[in-house]
file structure_11.txt (compact mmCIF, C-alpha atoms)
# COMPACT_ATOMS: atom_id res chain seq x y z
CA MET A 217 98.41 53.62 45.05
CA ALA A 218 97.31 56.97 43.63
CA GLY A 219 93.94 58.09 44.86
CA SER A 220 93.81 55.44 47.59
CA THR A 221 93.66 55.87 51.32
CA PRO A 222 95.84 54.17 53.92
CA GLY A 223 92.98 51.94 54.98
CA GLU A 224 92.54 50.51 51.48
CA MET A 225 95.99 48.93 51.37
CA PRO A 226 96.94 46.00 53.64
CA PHE A 227 99.82 46.45 56.05
CA LEU A 228 102.05 43.95 54.25
CA GLU A 229 101.56 45.81 50.97
CA HIS A 230 102.63 49.01 52.71
CA LEU A 231 105.79 47.27 53.86
CA GLU A 232 106.41 45.92 50.36
CA GLU A 233 106.02 49.35 48.83
CA LEU A 234 108.30 50.87 51.49
CA ARG A 235 110.94 48.21 50.77
CA TRP A 236 110.94 48.96 47.06
CA ARG A 237 111.07 52.71 47.60
CA LEU A 238 114.00 52.33 50.00
CA PHE A 239 115.72 50.11 47.45
CA LYS A 240 115.29 52.77 44.75
CA CYS A 241 116.69 55.40 47.12
CA ALA A 242 119.70 53.19 47.87
CA VAL A 243 120.34 52.60 44.16
CA ALA A 244 120.13 56.34 43.44
CA ILE A 245 122.57 57.11 46.27
CA ALA A 246 124.98 54.40 45.10
CA ILE A 247 124.94 55.74 41.53
CA GLY A 248 125.48 59.27 42.82
CA VAL A 249 128.38 58.26 45.06
CA VAL A 250 130.11 56.26 42.31
CA GLY A 251 129.68 59.11 39.83
CA ALA A 252 130.98 61.69 42.31
CA PHE A 253 133.97 59.50 43.19
CA ALA A 254 134.80 59.10 39.50
CA LEU A 255 134.79 62.89 39.02
CA LEU A 256 136.92 63.52 42.10
CA TYR A 257 139.35 60.68 41.41
CA SER A 258 139.89 61.86 37.83
CA LYS A 259 140.74 65.35 39.19
CA ARG A 260 137.95 66.92 37.13
CA ILE A 261 136.81 68.48 40.39
CA ASP A 262 139.55 69.49 42.85
CA ILE A 263 137.49 69.27 46.01
CA VAL A 264 140.46 70.02 48.27
CA GLY A 265 141.37 73.08 46.25
CA ILE A 266 137.80 74.37 46.31
CA LEU A 267 137.35 73.92 50.05
CA ALA A 268 140.81 75.36 50.76
CA GLN A 269 140.04 78.71 49.11
CA PRO A 270 139.05 80.53 52.34
CA ILE A 271 142.30 79.62 54.13
CA GLN A 272 144.71 80.34 51.27
CA PRO A 273 145.43 83.97 52.31
CA TYR A 274 146.51 82.79 55.77
CA LEU A 275 148.73 79.87 54.78
CA ARG A 276 152.49 80.21 55.11
CA GLN A 277 152.91 76.80 53.53
CA PRO A 278 150.53 74.32 51.82
CA LEU A 279 148.13 72.26 53.87
CA MET A 280 149.88 69.32 55.47
CA VAL A 281 148.92 65.64 55.27
CA THR A 282 149.76 63.72 58.43
CA HIS A 283 148.38 60.33 57.42
CA VAL A 284 148.64 58.43 54.17
CA GLY A 285 144.88 57.92 53.97
CA ASP A 286 143.76 61.49 54.75
CA LEU A 287 143.20 62.53 51.14
CA PHE A 288 141.36 59.31 50.37
CA ASP A 289 139.07 59.87 53.37
CA ILE A 290 138.34 63.41 52.20
CA VAL A 291 137.53 62.22 48.67
CA MET A 292 135.27 59.46 50.00
CA ASN A 293 133.43 61.79 52.38
CA ALA A 294 132.97 64.32 49.59
CA SER A 295 131.77 61.57 47.25
CA VAL A 296 129.14 60.43 49.74
CA THR A 297 127.97 64.01 50.32
CA LEU A 298 127.78 64.83 46.62
CA GLY A 299 126.16 61.48 45.90
CA VAL A 300 123.39 62.08 48.43
CA ILE A 301 122.85 65.60 47.06
CA ALA A 302 122.67 64.25 43.50
CA ALA A 303 120.21 61.54 44.59
CA SER A 304 118.09 63.90 46.72
CA PRO A 305 115.45 64.48 43.99
CA VAL A 306 114.90 60.72 43.76
CA ILE A 307 114.81 60.39 47.55
CA VAL A 308 112.31 63.23 47.94
CA TRP A 309 110.17 61.81 45.13
CA GLN A 310 110.08 58.35 46.74
CA VAL A 311 109.27 59.76 50.19
CA TRP A 312 106.56 61.93 48.69
CA GLY A 313 105.11 59.01 46.73
CA PHE A 314 104.88 56.94 49.91
CA LEU A 315 103.42 59.65 52.18
CA SER A 316 101.21 61.68 49.83
CA PRO A 317 98.25 59.22 49.75
CA ALA A 318 97.93 59.60 53.52
CA LEU A 319 97.76 63.42 53.39
CA TYR A 320 94.76 65.67 52.93
CA GLY A 321 94.68 68.25 50.19
CA HIS A 322 95.57 71.21 52.43
CA GLU A 323 98.41 69.21 54.00
CA LYS A 324 99.90 68.52 50.57
CA LYS A 325 99.83 72.24 49.85
CA VAL A 326 101.95 72.79 52.96
CA VAL A 327 104.42 69.93 52.52
CA ILE A 328 105.53 70.71 48.96
CA PRO A 329 106.54 74.36 49.64
CA ALA A 330 108.14 73.23 52.90
CA LEU A 331 110.38 70.74 51.08
CA VAL A 332 111.44 73.34 48.53
CA ALA A 333 112.07 75.94 51.24
CA ALA A 334 114.04 73.45 53.34
CA ALA A 335 116.39 72.66 50.45
CA MET A 336 116.89 76.33 49.57
CA LEU A 337 117.49 77.38 53.17
CA PHE A 338 119.96 74.56 53.76
CA LEU A 339 121.99 75.55 50.70
CA ALA A 340 121.76 79.23 51.70
CA GLY A 341 123.10 78.43 55.17
CA MET A 342 126.02 76.46 53.76
CA ALA A 343 126.82 79.22 51.25
CA LEU A 344 126.73 81.87 53.99
CA ALA A 345 129.11 79.84 56.13
CA PHE A 346 131.57 79.15 53.30
CA LYS A 347 131.58 82.62 51.75
CA TYR A 348 131.46 84.87 54.83
CA VAL A 349 131.57 83.12 58.21
CA ILE A 350 134.54 80.82 57.61
CA PRO A 351 136.79 83.59 56.13
CA VAL A 352 135.97 85.90 59.05
CA THR A 353 136.61 83.13 61.57
CA LEU A 354 139.92 82.24 59.91
CA ALA A 355 140.97 85.89 59.96
CA PHE A 356 140.21 86.00 63.68
CA TYR A 357 142.33 82.90 64.30
CA ALA A 358 145.15 84.24 62.10
CA SER A 359 145.33 87.45 64.14
CA PHE A 360 146.83 85.43 67.00
CA GLU A 361 149.71 84.01 64.95
CA SER A 362 153.25 85.03 65.79
CA ASP A 363 156.48 85.04 63.83
CA SER A 364 158.07 82.99 66.57
CA VAL A 365 155.66 80.11 65.93
CA ASN A 366 155.62 77.99 62.80
CA THR A 367 151.92 77.35 62.19
CA MET A 368 151.05 74.23 60.17
CA GLN A 369 147.50 73.54 59.05
CA THR A 370 146.56 69.92 58.40
CA VAL A 371 144.15 68.84 55.68
CA ASP A 372 142.00 66.68 57.92
CA GLY A 373 141.69 69.32 60.66
CA TYR A 374 140.80 72.09 58.23
CA MET A 375 138.32 69.99 56.26
CA SER A 376 136.62 68.90 59.48
CA PHE A 377 136.32 72.56 60.49
CA VAL A 378 134.82 73.62 57.14
CA THR A 379 132.41 70.69 57.02
CA SER A 380 131.13 71.18 60.56
CA MET A 381 130.60 74.92 60.02
CA CYS A 382 128.75 74.46 56.72
CA LEU A 383 126.53 71.69 58.06
CA ALA A 384 125.81 73.64 61.25
CA PHE A 385 124.68 76.72 59.34
CA GLY A 386 122.67 74.63 56.91
CA ALA A 387 120.91 72.90 59.80
CA VAL A 388 120.03 76.04 61.77
CA PHE A 389 118.62 77.66 58.62
CA GLU A 390 115.89 75.01 58.73
CA LEU A 391 114.31 76.75 61.74
CA PRO A 392 111.62 78.65 59.75
CA VAL A 393 110.55 75.44 58.00
CA VAL A 394 110.24 73.55 61.29
CA ILE A 395 108.22 76.32 62.92
CA ALA A 396 106.07 76.69 59.78
CA LEU A 397 105.19 73.00 59.83
CA MET A 398 104.44 73.12 63.55
CA SER A 399 102.22 76.17 62.98
CA ALA A 400 100.40 74.47 60.12
CA LEU A 401 99.70 71.50 62.39
CA GLY A 402 98.52 73.79 65.19
CA ILE A 403 101.30 72.78 67.58
CA VAL A 404 102.62 76.31 68.10
CA GLN A 405 100.94 79.71 67.85
CA PRO A 406 102.56 83.01 66.77
CA GLN A 407 101.46 84.62 70.04
CA LEU A 408 103.51 82.05 71.96
CA LEU A 409 106.56 82.64 69.76
CA SER A 410 106.30 86.41 70.27
CA LYS A 411 105.98 85.99 74.03
CA PHE A 412 109.24 84.05 74.31
CA ARG A 413 111.42 86.39 72.22
CA ARG A 414 113.89 87.05 75.03
CA HIS A 415 114.12 83.38 75.85
CA ALA A 416 114.68 82.64 72.17
CA LEU A 417 117.60 85.10 72.06
CA VAL A 418 119.29 83.32 74.96
CA GLY A 419 118.51 79.97 73.36
CA CYS A 420 120.05 81.09 70.05
CA LEU A 421 123.19 82.16 71.90
CA ILE A 422 123.45 78.82 73.69
CA ALA A 423 122.73 76.87 70.50
CA ALA A 424 125.40 78.84 68.62
CA ALA A 425 127.92 78.13 71.37
CA LEU A 426 127.18 74.40 71.16
CA ILE A 427 127.17 74.22 67.36
CA THR A 428 130.20 76.32 66.40
CA PRO A 429 133.57 74.60 66.67
CA GLY A 430 136.17 76.25 68.87
CA SER A 431 135.54 79.03 71.37
CA ASP A 432 136.09 82.20 69.32
CA PRO A 433 133.44 84.91 69.74
CA THR A 434 133.44 85.73 66.02
CA SER A 435 131.81 82.53 64.79
CA LEU A 436 129.55 82.56 67.86
CA LEU A 437 128.24 86.01 66.96
CA LEU A 438 128.02 85.23 63.25
CA LEU A 439 125.76 82.27 64.00
CA THR A 440 123.68 83.89 66.76
CA VAL A 441 122.63 86.88 64.63
CA PRO A 442 121.20 84.93 61.65
CA LEU A 443 119.72 82.33 63.99
CA TYR A 444 117.71 84.94 65.86
CA ALA A 445 116.81 86.66 62.58
CA LEU A 446 115.43 83.33 61.39
CA TYR A 447 113.39 83.09 64.60
CA GLU A 448 111.86 86.50 63.88
CA ALA A 449 111.16 85.42 60.31
CA SER A 450 109.55 82.27 61.70
CA ILE A 451 107.14 84.41 63.74
CA THR A 452 106.05 86.21 60.57
CA VAL A 453 105.61 82.92 58.72
CA SER A 454 103.69 81.47 61.68
CA ARG A 455 101.30 84.44 61.71
CA PHE A 456 100.63 84.04 57.99
CA ILE A 457 99.99 80.31 58.33
CA ALA A 458 97.78 80.83 61.40
CA ARG A 459 95.60 83.32 59.50
CA ARG A 460 95.33 80.94 56.55
CA ARG A 461 94.41 78.11 58.91
CA GLU A 462 91.74 80.19 60.65
CA HIS A 463 90.22 81.23 57.32
CA ARG A 464 90.14 77.62 56.13
CA LEU A 465 88.46 76.41 59.32
CA ALA A 466 85.93 79.25 59.13
CA ALA A 467 85.17 78.32 55.53
CA GLU A 468 84.66 74.70 56.49
CA VAL A 469 82.29 75.68 59.29
CA ALA A 470 80.35 77.96 56.94

call {"tool": "encode", "arguments": {"input": "structure_11.txt", "output": "structure tokens"}}
result
Amino acid sequence: MAGSTPGEMPFLEHLEELRWRLFKCAVAIAIGVVGAFALLYSKRIDIVGILAQPIQPYLRQPLMVTHVGDLFDIVMNASVTLGVIAASPVIVWQVWGFLSPALYGHEKKVVIPALVAAAMLFLAGMALAFKYVIPVTLAFYASFESDSVNTMQTVDGYMSFVTSMCLAFGAVFELPVVIALMSALGIVQPQLLSKFRRHALVGCLIAAALITPGSDPTSLLLLTVPLYALYEASITVSRFIARRREHRLAAEVA
């Protein structure tokens, strides 16, 4: 299919190629999940111990299990997550192989850096949440504990909290990539983004309130600040892309 255009391949052949690429993605994910489960089941990677590090200073007793299948569910969820991450290069390669023949040269130059930036920003958001936001949020919650109350933390509740926070921060860190792609396609302009700065600040606050679990102001503030900073960074990226786009169009006209 290399070097061809979408019009040169019949529709049924497109479907056949899509089917095989989806099959390869499924096989890669299955291999990744099985491999991750083998590592976790053999205790070579203590996923519960790793994820429980932020809460250890605030525990009066070990994390509690309230259901016989809680640990199995955690291992399975972690295996699926790690399996998808391990298979992500194959998935990206198959998606790129299917879409690249339909893209122009300048579009390919935009998509490849966008994919790399998306992966790096997602991992950066998850790392920020795990290393800084979750410990600060747990410290805020722990400040309300009393000696007259015996606080017990369950494994499933804590793991759900950590997972939702990490995924939320990873998702919101994709904002510059989304705006960059929209700017490259001419959907949004940097002037429009600059005009709606105040509205964006309110929107970031509302989005942080909807994304963060619980109602504590600490996690709300810790998500609002980087989210708005990413919006400002998106304006800079949009200006750069808009100038590049104008120069390319001017060159084509000349």

call {"tool": "residues_around", "arguments": {"input": "structure_11.txt", "residues": "Leu436 of chain A", "least_positions_apart": "6", "cutoff": "12 Å", "atoms": "only C-alpha atoms", "output": "ChimeraX atom specification"}}
result
/A:349-350,352-353,356,381,384-385,420-430,442-443

call {"tool": "closest_residue", "arguments": {"input": "structure_11.txt", "among": "A:Met342, A:Ile403, A:Ile457, A:Leu465", "to": "Lys325 of chain A", "atoms": "all atoms listed in the file"}}
result
A:Ile457

call {"tool": "residues_around", "arguments": {"input": "structure_11.txt", "residues": "Ala334 of chain A", "least_positions_apart": "5", "cutoff": "9 Å", "atoms": "all atoms listed in the file", "output": "PyMOL selection string"}}
result
chain A and resi 329+339+389-390+392-394

call {"tool": "closest_residue", "arguments": {"input": "structure_11.txt", "among": "A:Ala242, A:Val326, A:Val388, A:Ala449", "to": "Gln310 of chain A", "atoms": "all atoms listed in the file"}}
result
A:Ala242

call {"tool": "closest_residue", "arguments": {"input": "structure_11.txt", "among": "A:Phe377, A:Tyr257, A:Phe346, A:Trp309", "to": "Gln269 of chain A", "atoms": "only C-alpha atoms"}}
result
A:Phe346

call {"tool": "closest_residue", "arguments": {"input": "structure_11.txt", "among": "A:Val249, A:Asp363, A:Leu337, A:Val264", "to": "Pro278 of chain A", "atoms": "all atoms listed in the file"}}
result
A:Val264

call {"tool": "residues_near_point", "arguments": {"input": "structure_11.txt", "point": "(146.4, 73.1, 59.0)", "cutoff": "9 Å", "atoms": "all atoms listed in the file", "output": "PyMOL selection string"}}
result
chain A and resi 275+278-281+367-374

call {"tool": "closest_residue", "arguments": {"input": "structure_11.txt", "among": "A:Pro433, A:Gly341, A:Gly313, A:Pro351", "to": "Ile328 of chain A", "atoms": "all atoms listed in the file"}}
result
A:Gly313
